[in-house]
>>> print(open('structure_16.cif').read())   # mmCIF, C-alpha atoms (C1' of nucleotides)
data_input
#
loop_
_atom_site.label_atom_id
_atom_site.label_comp_id
_atom_site.auth_asym_id
_atom_site.auth_seq_id
_atom_site.Cartn_x
_atom_site.Cartn_y
_atom_site.Cartn_z
CA MET A 1 17.05 23.09 15.36
CA GLU A 2 16.38 20.40 12.79
CA SER A 3 19.90 20.27 11.42
CA ARG A 4 20.92 18.38 14.53
CA ASN A 5 18.41 15.62 13.83
CA LEU A 6 19.81 15.24 10.37
CA ARG A 7 23.40 15.15 11.52
CA ASN A 8 22.60 12.67 14.24
CA ALA A 9 20.99 10.47 11.66
CA GLY A 10 24.21 10.52 9.68
CA LEU A 11 22.58 12.51 6.91
CA LYS A 12 24.07 15.48 5.18
CA VAL A 13 22.31 18.70 6.02
CA THR A 14 20.86 20.02 2.79
CA VAL A 15 18.31 22.63 1.89
CA PRO A 16 15.64 20.21 0.62
CA ARG A 17 15.91 18.04 3.72
CA MET A 18 15.68 21.02 6.02
CA LYS A 19 12.66 22.36 4.20
CA LEU A 20 11.04 18.98 4.45
CA LEU A 21 11.58 18.79 8.20
CA GLU A 22 10.37 22.34 8.66
CA LEU A 23 7.20 21.58 6.79
CA PHE A 24 6.59 18.58 9.01
CA GLU A 25 7.07 20.62 12.17
CA SER A 26 4.88 23.45 11.01
CA SER A 27 2.17 21.00 10.03
CA GLY A 28 1.54 20.15 13.64
CA GLY A 29 1.85 16.41 13.62
CA LYS A 30 -0.29 15.89 10.57
CA HIS A 31 0.03 12.88 8.33
CA LEU A 32 1.30 13.91 4.92
CA THR A 33 1.63 12.17 1.59
CA ALA A 34 4.71 12.58 -0.58
CA GLU A 35 2.49 14.30 -3.09
CA SER A 36 1.06 16.84 -0.67
CA ILE A 37 4.48 17.57 0.75
CA HIS A 38 5.78 18.23 -2.72
CA ARG A 39 2.85 20.44 -3.63
CA GLN A 40 3.19 22.51 -0.48
CA LEU A 41 6.91 23.05 -0.91
CA ILE A 42 6.46 24.03 -4.53
CA GLU A 43 3.71 26.46 -3.59
CA ALA A 44 6.03 27.84 -0.95
CA GLY A 45 8.39 28.73 -3.76
CA GLU A 46 10.88 25.95 -3.20
CA ASP A 47 12.48 24.27 -6.18
CA ILE A 48 12.35 20.67 -5.12
CA GLY A 49 11.68 17.45 -7.02
CA LEU A 50 9.20 14.78 -6.07
CA ALA A 51 11.97 12.20 -6.28
CA THR A 52 13.92 14.08 -3.65
CA ILE A 53 10.94 13.97 -1.33
CA TYR A 54 10.70 10.24 -1.70
CA ARG A 55 14.42 9.72 -1.24
CA ALA A 56 14.48 11.90 1.84
CA LEU A 57 11.43 10.19 3.28
CA VAL A 58 13.04 6.78 2.90
CA GLN A 59 16.13 7.95 4.71
CA PHE A 60 14.18 9.74 7.41
CA GLU A 61 12.20 6.63 8.04
CA ALA A 62 15.34 4.51 8.28
CA ALA A 63 16.70 7.08 10.71
CA GLY A 64 13.55 6.93 12.76
CA LEU A 65 12.71 10.58 12.14
CA VAL A 66 9.41 9.81 10.48
CA THR A 67 6.98 6.92 10.39
CA LYS A 68 5.21 5.57 7.35
CA HIS A 69 1.58 4.50 7.45
CA HIS A 70 -0.76 2.83 4.98
CA PHE A 71 -4.14 3.98 6.24
CA GLU A 72 -5.88 4.01 2.91
CA GLY A 73 -4.12 1.50 0.75
CA ASP A 74 -3.04 3.73 -2.08
CA HIS A 75 -0.46 6.36 -1.25
CA ALA A 76 1.38 6.13 2.04
CA VAL A 77 1.29 8.92 4.61
CA PHE A 78 4.23 10.05 6.71
CA GLU A 79 4.27 11.44 10.20
CA LEU A 80 7.03 13.19 12.11
CA GLU A 81 8.26 11.08 15.01
CA ARG A 82 7.81 13.21 18.09
CA GLY A 83 7.96 11.35 21.33
CA PRO A 84 6.95 7.83 22.22
CA HIS A 85 4.91 5.25 20.43
CA HIS A 86 1.23 5.66 19.67
CA ASP A 87 -1.44 4.10 17.50
CA HIS A 88 -4.20 5.69 15.42
CA ILE A 89 -7.91 5.93 15.11
CA VAL A 90 -9.10 7.33 11.81
CA CYS A 91 -12.51 8.47 10.65
CA ILE A 92 -13.74 6.62 7.59
CA HIS A 93 -15.76 9.67 6.55
CA CYS A 94 -13.63 12.76 6.98
CA GLY A 95 -10.23 11.13 7.32
CA LYS A 96 -9.51 12.75 10.67
CA VAL A 97 -6.76 10.99 12.58
CA GLU A 98 -6.44 10.84 16.36
CA GLU A 99 -3.53 9.32 18.20
CA PHE A 100 -3.59 7.23 21.33
CA CYS A 101 -1.54 4.81 23.33
CA ASP A 102 -3.02 2.18 25.56
CA GLU A 103 -0.84 0.39 28.08
CA VAL A 104 -3.22 -2.52 28.41
CA ILE A 105 -3.06 -3.23 24.70
CA GLU A 106 0.69 -2.72 24.57
CA ALA A 107 1.25 -5.20 27.36
CA ARG A 108 -1.12 -7.74 25.86
CA GLN A 109 0.74 -7.64 22.60
CA GLN A 110 3.92 -8.69 24.34
CA GLU A 111 2.15 -11.63 25.90
CA ILE A 112 0.65 -12.68 22.60
CA ALA A 113 3.97 -12.45 20.80
CA GLY A 114 5.55 -14.58 23.49
CA LYS A 115 2.77 -17.13 23.28
CA TYR A 116 3.50 -17.62 19.59
CA GLY A 117 7.25 -17.70 20.04
CA PHE A 118 7.89 -14.31 18.47
CA ARG A 119 10.25 -11.64 19.68
CA LEU A 120 8.14 -8.52 19.17
CA HIS A 121 9.81 -5.74 17.22
CA ASP A 122 7.00 -3.51 16.25
CA HIS A 123 3.29 -3.34 15.56
CA THR A 124 0.58 -1.40 13.81
CA LEU A 125 -2.84 -0.81 15.27
CA THR A 126 -5.35 1.36 13.50
CA LEU A 127 -8.98 1.72 14.45
CA TYR A 128 -11.46 2.77 11.79
CA GLY A 129 -14.76 4.35 12.67
CA GLU A 130 -17.03 7.35 12.38
CA CYS A 131 -16.08 10.42 14.36
CA SER A 132 -18.64 12.66 16.00
CA ASP A 133 -17.52 15.95 14.50
CA ALA A 134 -20.38 18.21 13.50
CA ASP A 135 -18.73 18.96 10.16
CA CYS A 136 -17.78 15.37 9.46
CA THR A 137 -20.39 13.40 7.54
CA GLY A 138 -21.52 15.35 4.54
CA LYS A 139 -19.00 18.09 4.08
CA ASN A 140 -15.73 16.25 4.28
CA ALA A 141 -17.28 12.97 3.26
CA ASN A 142 -14.28 11.90 1.28
CA ALA A 143 -10.93 10.62 2.44
CA LEU A 144 -11.15 6.86 2.82
CA THR A 145 -14.73 6.41 1.71
CA GLU A 146 -14.66 8.09 -1.65
CA LYS A 147 -12.30 6.76 -4.25
CA LYS A 148 -9.86 8.94 -6.09
CA LYS A 149 -10.54 11.87 -8.44
CA MET B 1 -19.55 -25.93 -2.35
CA GLU B 2 -18.20 -22.53 -3.28
CA SER B 3 -20.90 -21.72 -5.81
CA ARG B 4 -23.25 -21.07 -2.92
CA ASN B 5 -20.97 -18.40 -1.51
CA LEU B 6 -20.91 -16.67 -4.85
CA ARG B 7 -24.64 -16.83 -5.31
CA ASN B 8 -25.26 -15.56 -1.81
CA ALA B 9 -23.01 -12.64 -2.57
CA GLY B 10 -25.14 -11.83 -5.56
CA LEU B 11 -22.36 -12.74 -7.95
CA LYS B 12 -22.72 -14.79 -11.07
CA VAL B 13 -21.06 -18.18 -10.78
CA THR B 14 -18.35 -18.24 -13.41
CA VAL B 15 -15.37 -20.43 -14.08
CA PRO B 16 -12.71 -17.86 -13.14
CA ARG B 17 -14.42 -17.01 -9.87
CA MET B 18 -14.80 -20.66 -8.93
CA LYS B 19 -11.18 -21.37 -9.72
CA LEU B 20 -10.16 -18.44 -7.60
CA LEU B 21 -12.14 -19.63 -4.61
CA GLU B 22 -10.88 -23.16 -5.04
CA LEU B 23 -7.33 -21.93 -5.03
CA PHE B 24 -7.96 -20.03 -1.81
CA GLU B 25 -9.45 -23.09 -0.14
CA SER B 26 -6.70 -25.39 -1.26
CA SER B 27 -4.11 -22.92 -0.06
CA GLY B 28 -5.02 -23.53 3.54
CA GLY B 29 -5.70 -20.03 4.78
CA LYS B 30 -2.60 -18.53 3.27
CA HIS B 31 -2.31 -14.89 2.38
CA LEU B 32 -2.02 -14.48 -1.38
CA THR B 33 -1.19 -11.59 -3.68
CA ALA B 34 -3.11 -10.98 -6.89
CA GLU B 35 0.09 -11.73 -8.72
CA SER B 36 0.73 -15.08 -7.05
CA ILE B 37 -2.88 -16.10 -7.53
CA HIS B 38 -2.63 -15.33 -11.21
CA ARG B 39 0.64 -17.18 -11.59
CA GLN B 40 -0.69 -20.27 -9.85
CA LEU B 41 -3.86 -20.40 -11.91
CA ILE B 42 -1.90 -19.95 -15.11
CA GLU B 43 0.49 -22.71 -14.09
CA ALA B 44 -2.53 -24.87 -13.36
CA GLY B 45 -3.47 -24.50 -16.98
CA GLU B 46 -6.26 -21.97 -16.52
CA ASP B 47 -6.71 -19.20 -19.06
CA ILE B 48 -7.39 -16.28 -16.78
CA GLY B 49 -6.36 -12.63 -16.91
CA LEU B 50 -4.77 -10.66 -14.11
CA ALA B 51 -7.49 -8.05 -14.48
CA THR B 52 -10.11 -10.66 -13.76
CA ILE B 53 -8.31 -11.61 -10.58
CA TYR B 54 -8.33 -8.03 -9.40
CA ARG B 55 -11.97 -7.52 -10.34
CA ALA B 56 -13.02 -10.69 -8.58
CA LEU B 57 -10.97 -9.82 -5.52
CA VAL B 58 -12.64 -6.43 -5.24
CA GLN B 59 -16.07 -8.03 -5.39
CA PHE B 60 -15.15 -10.80 -3.01
CA GLU B 61 -13.92 -8.28 -0.54
CA ALA B 62 -17.10 -6.22 -0.83
CA ALA B 63 -19.04 -9.44 -0.30
CA GLY B 64 -16.98 -10.25 2.75
CA LEU B 65 -15.60 -13.44 1.23
CA VAL B 66 -12.01 -12.29 1.48
CA THR B 67 -10.06 -9.71 3.45
CA LYS B 68 -7.37 -7.43 2.10
CA HIS B 69 -4.21 -6.72 4.07
CA HIS B 70 -1.25 -4.40 3.53
CA PHE B 71 1.44 -6.12 5.57
CA GLU B 72 4.36 -5.01 3.53
CA GLY B 73 3.39 -1.79 1.89
CA ASP B 74 3.73 -2.74 -1.73
CA HIS B 75 1.32 -5.31 -3.07
CA ALA B 76 -1.72 -6.20 -0.99
CA VAL B 77 -2.38 -9.75 0.20
CA PHE B 78 -5.79 -11.41 0.33
CA GLU B 79 -7.04 -13.99 2.74
CA LEU B 80 -10.15 -16.17 2.58
CA GLU B 81 -12.61 -15.21 5.28
CA ARG B 82 -13.23 -18.33 7.33
CA GLY B 83 -14.82 -17.73 10.65
CA PRO B 84 -14.65 -14.80 13.03
CA HIS B 85 -12.31 -11.87 13.29
CA HIS B 86 -8.63 -12.22 14.05
CA ASP B 87 -5.44 -10.19 13.86
CA HIS B 88 -1.97 -11.11 12.68
CA ILE B 89 1.56 -11.51 13.84
CA VAL B 90 4.10 -11.70 11.07
CA CYS B 91 7.76 -12.63 11.08
CA ILE B 92 9.97 -9.89 9.66
CA HIS B 93 12.47 -12.51 8.54
CA CYS B 94 10.63 -15.37 6.93
CA GLY B 95 7.26 -13.71 6.41
CA LYS B 96 5.40 -16.37 8.34
CA VAL B 97 1.97 -15.21 9.46
CA GLU B 98 0.13 -16.42 12.56
CA GLU B 99 -3.40 -15.43 13.46
CA PHE B 100 -4.77 -14.62 16.87
CA CYS B 101 -7.66 -12.92 18.57
CA ASP B 102 -7.44 -11.37 22.00
CA GLU B 103 -10.60 -10.41 23.84
CA VAL B 104 -8.81 -8.01 26.12
CA ILE B 105 -7.51 -6.01 23.19
CA GLU B 106 -10.80 -6.16 21.35
CA ALA B 107 -12.65 -4.79 24.35
CA ARG B 108 -10.08 -2.08 24.96
CA GLN B 109 -10.44 -0.86 21.40
CA GLN B 110 -14.12 -0.24 21.94
CA GLU B 111 -13.37 1.79 25.03
CA ILE B 112 -10.75 3.83 23.24
CA ALA B 113 -13.02 4.52 20.29
CA GLY B 114 -15.71 5.68 22.68
CA LYS B 115 -13.29 7.90 24.55
CA TYR B 116 -12.49 9.72 21.31
CA GLY B 117 -16.08 9.93 20.20
CA PHE B 118 -15.77 7.39 17.42
CA ARG B 119 -18.20 4.66 16.51
CA LEU B 120 -15.84 1.77 15.82
CA HIS B 121 -16.35 0.03 12.51
CA ASP B 122 -13.23 -1.94 12.05
CA HIS B 123 -9.56 -2.17 12.93
CA THR B 124 -6.23 -3.55 11.88
CA LEU B 125 -3.68 -4.89 14.30
CA THR B 126 -0.50 -6.48 13.08
CA LEU B 127 2.44 -7.44 15.24
CA TYR B 128 5.87 -7.67 13.64
CA GLY B 129 8.64 -9.70 15.15
CA GLU B 130 11.07 -12.57 14.76
CA CYS B 131 9.66 -16.05 14.94
CA SER B 132 11.51 -18.92 16.57
CA ASP B 133 11.41 -21.35 13.66
CA ALA B 134 14.61 -23.28 13.17
CA ASP B 135 14.52 -22.66 9.45
CA CYS B 136 13.64 -19.01 9.75
CA THR B 137 16.62 -16.66 9.93
CA GLY B 138 19.03 -17.46 7.19
CA LYS B 139 17.19 -19.64 4.79
CA ASN B 140 13.97 -17.74 4.26
CA ALA B 141 15.53 -14.44 5.22
CA ASN B 142 13.50 -12.48 2.76
CA ALA B 143 9.85 -11.49 2.82
CA LEU B 144 9.56 -8.17 4.58
CA THR B 145 13.23 -7.57 5.24
CA GLU B 146 14.66 -7.88 1.79
CA LYS B 147 13.40 -5.54 -0.89
CA LYS B 148 12.07 -6.78 -4.20
CA LYS B 149 13.95 -8.55 -7.01
"C1'" DA C 1 38.26 18.30 -4.09
"C1'" DT C 2 34.95 14.60 -3.96
"C1'" DG C 3 31.50 11.83 -2.45
"C1'" DT C 4 26.57 12.90 -1.99
"C1'" DA C 5 22.38 14.95 -3.03
"C1'" DT C 6 19.25 16.89 -6.42
"C1'" DG C 7 16.10 17.56 -10.57
"C1'" DC C 8 14.28 15.90 -14.43
"C1'" DA C 9 12.72 12.48 -17.23
"C1'" DA C 10 12.12 7.80 -17.98
"C1'" DA C 11 11.27 3.30 -15.77
"C1'" DA C 12 9.08 0.17 -12.85
"C1'" DC C 13 5.19 -1.67 -10.48
"C1'" DA C 14 0.71 -2.65 -8.78
"C1'" DT C 15 -3.88 -1.85 -9.96
"C1'" DT C 16 -7.68 -0.09 -12.98
"C1'" DT C 17 -10.24 0.64 -17.15
"C1'" DG C 18 -11.98 0.61 -22.10
"C1'" DC C 19 -13.64 -2.36 -25.33
"C1'" DA C 20 -15.07 -6.15 -28.26
"C1'" DC C 21 -16.16 -10.77 -27.41
"C1'" DC C 22 -17.95 -14.69 -24.70
"C1'" DT C 23 -21.13 -16.88 -21.24
"C1'" DG C 24 -24.25 -18.00 -17.57
"C1'" DG C 25 -29.06 -18.22 -16.36
"C1'" DC D 1 -31.51 -13.40 -25.55
"C1'" DC D 2 -28.94 -10.09 -22.60
"C1'" DA D 3 -26.87 -8.34 -18.67
"C1'" DG D 4 -22.88 -9.19 -16.76
"C1'" DG D 5 -18.14 -11.28 -17.01
"C1'" DT D 6 -13.69 -11.91 -19.32
"C1'" DG D 7 -9.11 -11.28 -21.75
"C1'" DC D 8 -6.10 -8.16 -23.65
"C1'" DA D 9 -3.94 -3.98 -24.03
"C1'" DA D 10 -3.65 0.57 -22.83
"C1'" DA D 11 -4.09 3.89 -19.06
"C1'" DT D 12 -3.26 5.32 -14.15
"C1'" DG D 13 -1.18 6.60 -10.02
"C1'" DT D 14 2.50 5.99 -7.06
"C1'" DT D 15 7.16 5.24 -6.06
"C1'" DT D 16 11.92 4.31 -7.95
"C1'" DT D 17 16.00 4.97 -10.86
"C1'" DG D 18 19.56 6.68 -14.23
"C1'" DC D 19 22.27 10.38 -15.15
"C1'" DA D 20 24.48 14.82 -15.54
"C1'" DT D 21 24.88 18.70 -12.56
"C1'" DA D 22 25.08 21.17 -8.08
"C1'" DC D 23 26.36 21.19 -3.28
"C1'" DA D 24 28.03 20.16 1.62
"C1'" DT D 25 32.03 19.31 4.23
#
>>> encode(input="structure_16.cif", output="structure tokens")
Amino acid sequence: MESRNLRNAGLKVTVPRMKLLELFESSGGKHLTAESIHRQLIEAGEDIGLATIYRALVQFEAAGLVTKHHFEGDHAVFELERGPHHDHIVCIHCGKVEEFCDEVIEARQQEIAGKYGFRLHDHTLTLYGECSDADCTGKNANALTEKKK
Amino acid sequence: MESRNLRNAGLKVTVPRMKLLELFESSGGKHLTAESIHRQLIEAGEDIGLATIYRALVQFEAAGLVTKHHFEGDHAVFELERGPHHDHIVCIHCGKVEEFCDEVIEARQQEIAGKYGFRLHDHTLTLYGECSDADCTGKNANALTEKKK
DNA sequence: ATGTATGCAAAACATTTGCACCTGG
DNA sequence: CCAGGTGCAAATGTTTTGCATACAT
């Protein structure tokens, strides 16, 4: 039940917030933009404002419920925090995103931080490349490659 | 001489572009925002428009002369491309940025990409932590931590 | 009740574009 | 001369805010 997450985060349990969390869970770990979230909820018949999405997202992030990424540069994408840390590898053609976690890299980062006198808090690692999906290049040739509109 | 870089990139050698490159070189590898670049050039008495900065930056990036980063989320920062690849470790308190390159991590990334069927093109790795500078926490306690204004 | 959350519209920003003019080769 | 570059202002796209109203506890 999502209401528990909200309460634990010290947030009031409201309809918009619940709907937002539900959407995230039913999206199966996808990375969503504020815009797409809004569109989907509206299409689902919900009466929710874009501003509310943004406000909720900011709070969810502060509460550690979601993570914000800047894969493309323009709009940010949000992902529901389920489980431990992981990094991403995204296809520059179709925009597909895979998740992974590599112990070797994680450990090395600690060493590097120490070497430079930093106390490591966090990190971002994103690999960009071309995936091998049959329906990638050509059909979905958009996402990061193609610019807006 | 910077004019060579421009010519090699197939770009016309103009005053604004030269000034921009000069600023980058005299900034000692710092990461600059379009806004700060503009401000500095204006203060230096140059008559240059913000739009020109952005246009030049886009071309420079395409030409591989500069690299664009999104450390904070809002405005992007640009860095002059001098030498081989490297990643960053930035202080969440004072915003200080150190550069590093780790062969172990680089190699591991290739393996991971292969494991997921991706042909690796590029990557971004940024570590966030607290540096050990004496004048860090307190004085320069801004940068990433504090929000704008 | 009552402090928060929400929707809407307007504001704030960073970045891009249209256009007439200027400039480098 | 002429394609490409530039400044300015207006346009965009995204995210934030102000405010009166609605809601959770």
>>> resolve_selection(input="structure_16.cif", expression="the PyMOL selection byres ((chain A) within 9 of (chain C))", output="PyMOL selection string")
chain A and resi 12+14+16+47-52
>>> residues_around(input="structure_16.cif", residues="region 112-128 of chain A", least_positions_apart="4", cutoff="6 Å", atoms="only C-alpha atoms (C1' of nucleotides)", output="PyMOL selection string")
(chain A and resi 87-91) or (chain B and resi 121-132)
>>> calpha_fit_and_write(input="structure_16.cif", fixed="chain B", moving="chain A", output="tab-separated table (two decimals) with C-alpha atoms, in the coordinates of the input")
chain	number	residue	atom	x	y	z
A	1	MET	CA	-19.71	-25.78	-2.31
A	2	GLU	CA	-18.30	-22.40	-3.23
A	3	SER	CA	-20.96	-21.54	-5.77
A	4	ARG	CA	-23.32	-20.84	-2.90
A	5	ASN	CA	-21.00	-18.19	-1.47
A	6	LEU	CA	-20.91	-16.49	-4.81
A	7	ARG	CA	-24.65	-16.57	-5.28
A	8	ASN	CA	-25.24	-15.31	-1.78
A	9	ALA	CA	-22.94	-12.44	-2.50
A	10	GLY	CA	-25.06	-11.55	-5.50
A	11	LEU	CA	-22.28	-12.50	-7.87
A	12	LYS	CA	-22.67	-14.53	-11.00
A	13	VAL	CA	-21.12	-17.95	-10.73
A	14	THR	CA	-18.38	-18.11	-13.32
A	15	VAL	CA	-15.46	-20.38	-13.97
A	16	PRO	CA	-12.73	-17.85	-13.08
A	17	ARG	CA	-14.42	-16.95	-9.81
A	18	MET	CA	-14.87	-20.57	-8.85
A	19	LYS	CA	-11.27	-21.36	-9.63
A	20	LEU	CA	-10.20	-18.42	-7.55
A	21	LEU	CA	-12.22	-19.57	-4.55
A	22	GLU	CA	-10.99	-23.12	-4.94
A	23	LEU	CA	-7.41	-21.95	-4.95
A	24	PHE	CA	-8.02	-20.01	-1.76
A	25	GLU	CA	-9.55	-23.02	-0.03
A	26	SER	CA	-6.84	-25.38	-1.13
A	27	SER	CA	-4.19	-22.94	0.03
A	28	GLY	CA	-5.15	-23.50	3.62
A	29	GLY	CA	-5.77	-20.00	4.82
A	30	LYS	CA	-2.63	-18.55	3.32
A	31	HIS	CA	-2.29	-14.92	2.39
A	32	LEU	CA	-1.98	-14.55	-1.37
A	33	THR	CA	-1.09	-11.70	-3.67
A	34	ALA	CA	-2.98	-11.08	-6.90
A	35	GLU	CA	0.21	-11.92	-8.72
A	36	SER	CA	0.76	-15.26	-7.01
A	37	ILE	CA	-2.86	-16.22	-7.48
A	38	HIS	CA	-2.58	-15.48	-11.16
A	39	ARG	CA	0.65	-17.41	-11.52
A	40	GLN	CA	-0.74	-20.45	-9.75
A	41	LEU	CA	-3.91	-20.54	-11.82
A	42	ILE	CA	-1.95	-20.17	-15.03
A	43	GLU	CA	0.39	-22.96	-13.99
A	44	ALA	CA	-2.66	-25.04	-13.22
A	45	GLY	CA	-3.59	-24.68	-16.86
A	46	GLU	CA	-6.34	-22.13	-16.41
A	47	ASP	CA	-6.74	-19.38	-18.96
A	48	ILE	CA	-7.38	-16.43	-16.73
A	49	GLY	CA	-6.29	-12.79	-16.89
A	50	LEU	CA	-4.66	-10.83	-14.13
A	51	ALA	CA	-7.32	-8.16	-14.51
A	52	THR	CA	-9.99	-10.73	-13.77
A	53	ILE	CA	-8.23	-11.67	-10.57
A	54	TYR	CA	-8.19	-8.09	-9.44
A	55	ARG	CA	-11.81	-7.52	-10.39
A	56	ALA	CA	-12.92	-10.66	-8.61
A	57	LEU	CA	-10.87	-9.80	-5.54
A	58	VAL	CA	-12.49	-6.38	-5.29
A	59	GLN	CA	-15.93	-7.91	-5.45
A	60	PHE	CA	-15.09	-10.69	-3.03
A	61	GLU	CA	-13.82	-8.17	-0.58
A	62	ALA	CA	-16.96	-6.07	-0.90
A	63	ALA	CA	-18.95	-9.24	-0.33
A	64	GLY	CA	-16.92	-10.07	2.73
A	65	LEU	CA	-15.58	-13.29	1.24
A	66	VAL	CA	-11.98	-12.20	1.47
A	67	THR	CA	-9.99	-9.65	3.42
A	68	LYS	CA	-7.27	-7.42	2.07
A	69	HIS	CA	-4.10	-6.71	4.02
A	70	HIS	CA	-1.12	-4.42	3.50
A	71	PHE	CA	1.55	-6.18	5.52
A	72	GLU	CA	4.48	-5.12	3.42
A	73	GLY	CA	3.52	-1.88	1.79
A	74	ASP	CA	3.88	-2.85	-1.82
A	75	HIS	CA	1.44	-5.42	-3.12
A	76	ALA	CA	-1.59	-6.27	-1.03
A	77	VAL	CA	-2.29	-9.80	0.17
A	78	PHE	CA	-5.72	-11.41	0.33
A	79	GLU	CA	-7.04	-13.97	2.74
A	80	LEU	CA	-10.16	-16.10	2.59
A	81	GLU	CA	-12.64	-15.11	5.28
A	82	ARG	CA	-13.28	-18.23	7.29
A	83	GLY	CA	-14.90	-17.67	10.62
A	84	PRO	CA	-14.65	-14.79	13.04
A	85	HIS	CA	-12.31	-11.89	13.29
A	86	HIS	CA	-8.61	-12.25	14.01
A	87	ASP	CA	-5.44	-10.19	13.83
A	88	HIS	CA	-1.95	-11.11	12.64
A	89	ILE	CA	1.58	-11.47	13.81
A	90	VAL	CA	4.12	-11.66	11.02
A	91	CYS	CA	7.79	-12.53	11.03
A	92	ILE	CA	9.98	-9.79	9.62
A	93	HIS	CA	12.51	-12.38	8.48
A	94	CYS	CA	10.68	-15.26	6.87
A	95	GLY	CA	7.30	-13.64	6.35
A	96	LYS	CA	5.44	-16.31	8.29
A	97	VAL	CA	2.01	-15.18	9.40
A	98	GLU	CA	0.17	-16.39	12.50
A	99	GLU	CA	-3.35	-15.44	13.40
A	100	PHE	CA	-4.75	-14.64	16.80
A	101	CYS	CA	-7.64	-12.98	18.52
A	102	ASP	CA	-7.43	-11.44	21.93
A	103	GLU	CA	-10.60	-10.55	23.80
A	104	VAL	CA	-8.82	-8.13	26.09
A	105	ILE	CA	-7.54	-6.11	23.17
A	106	GLU	CA	-10.85	-6.28	21.35
A	107	ALA	CA	-12.71	-4.95	24.35
A	108	ARG	CA	-10.18	-2.20	24.97
A	109	GLN	CA	-10.55	-0.99	21.43
A	110	GLN	CA	-14.24	-0.42	21.98
A	111	GLU	CA	-13.52	1.62	25.06
A	112	ILE	CA	-10.92	3.69	23.28
A	113	ALA	CA	-13.19	4.36	20.33
A	114	GLY	CA	-15.91	5.47	22.71
A	115	LYS	CA	-13.52	7.73	24.58
A	116	TYR	CA	-12.74	9.57	21.36
A	117	GLY	CA	-16.34	9.74	20.24
A	118	PHE	CA	-15.99	7.21	17.44
A	119	ARG	CA	-18.38	4.45	16.54
A	120	LEU	CA	-15.98	1.59	15.85
A	121	HIS	CA	-16.46	-0.17	12.54
A	122	ASP	CA	-13.31	-2.09	12.07
A	123	HIS	CA	-9.64	-2.25	12.94
A	124	THR	CA	-6.29	-3.60	11.88
A	125	LEU	CA	-3.71	-4.92	14.29
A	126	THR	CA	-0.52	-6.47	13.05
A	127	LEU	CA	2.44	-7.40	15.20
A	128	TYR	CA	5.86	-7.58	13.60
A	129	GLY	CA	8.65	-9.59	15.12
A	130	GLU	CA	11.11	-12.43	14.73
A	131	CYS	CA	9.72	-15.94	14.90
A	132	SER	CA	11.59	-18.79	16.52
A	133	ASP	CA	11.47	-21.23	13.62
A	134	ALA	CA	14.68	-23.16	13.14
A	135	ASP	CA	14.60	-22.53	9.39
A	136	CYS	CA	13.69	-18.88	9.70
A	137	THR	CA	16.67	-16.53	9.86
A	138	GLY	CA	19.08	-17.33	7.11
A	139	LYS	CA	17.22	-19.53	4.71
A	140	ASN	CA	14.00	-17.67	4.20
A	141	ALA	CA	15.52	-14.36	5.15
A	142	ASN	CA	13.50	-12.44	2.65
A	143	ALA	CA	9.86	-11.44	2.72
A	144	LEU	CA	9.57	-8.10	4.48
A	145	THR	CA	13.24	-7.53	5.16
A	146	GLU	CA	14.68	-7.86	1.71
A	147	LYS	CA	13.46	-5.52	-0.96
A	148	LYS	CA	12.18	-6.71	-4.28
A	149	LYS	CA	14.01	-8.62	-7.03
>>> resolve_selection(input="structure_16.cif", expression="the PyMOL selection byres ((chain B and resi 82) around 12)", output="list in words")
Asn5, Phe24, Glu25, Gly28, Gly29, Lys30, Gly64, Leu65, Val66, Thr67, Glu79, Leu80, Glu81, Gly83, Pro84, His85, His86 and Glu99 of chain B
>>> resolve_selection(input="structure_16.cif", expression="the PyMOL selection byres ((chain A and resi 17) around 9)", output="count of residues only")
15
>>> interface_residues(input="structure_16.cif", of="chain D", to="chain B", cutoff="12 Å", atoms="all atoms listed in the file", output="PyMOL selection string")
chain D and resi 3-9+14-16
>>> closest_residue(input="structure_16.cif", among="A:Gly45, A:Ala76, A:His38, A:Gly95", to="chain B", atoms="all atoms listed in the file")
A:Ala76
>>> closest_residue(input="structure_16.cif", among="B:Phe60, B:Ala9, B:Thr33, B:Glu43", to="Glu72 (chain B)", atoms="only C-alpha atoms")
B:Thr33
>>> closest_residue(input="structure_16.cif", among="B:Cys136, B:Leu57, B:Val104, B:Cys94", to="chain A", atoms="only C-alpha atoms")
B:Val104
>>> atom_distance(input="structure_16.cif", atom1="CA of Phe100 (chain B)", atom2="CA of Lys96 (chain A)")
28.5 Å
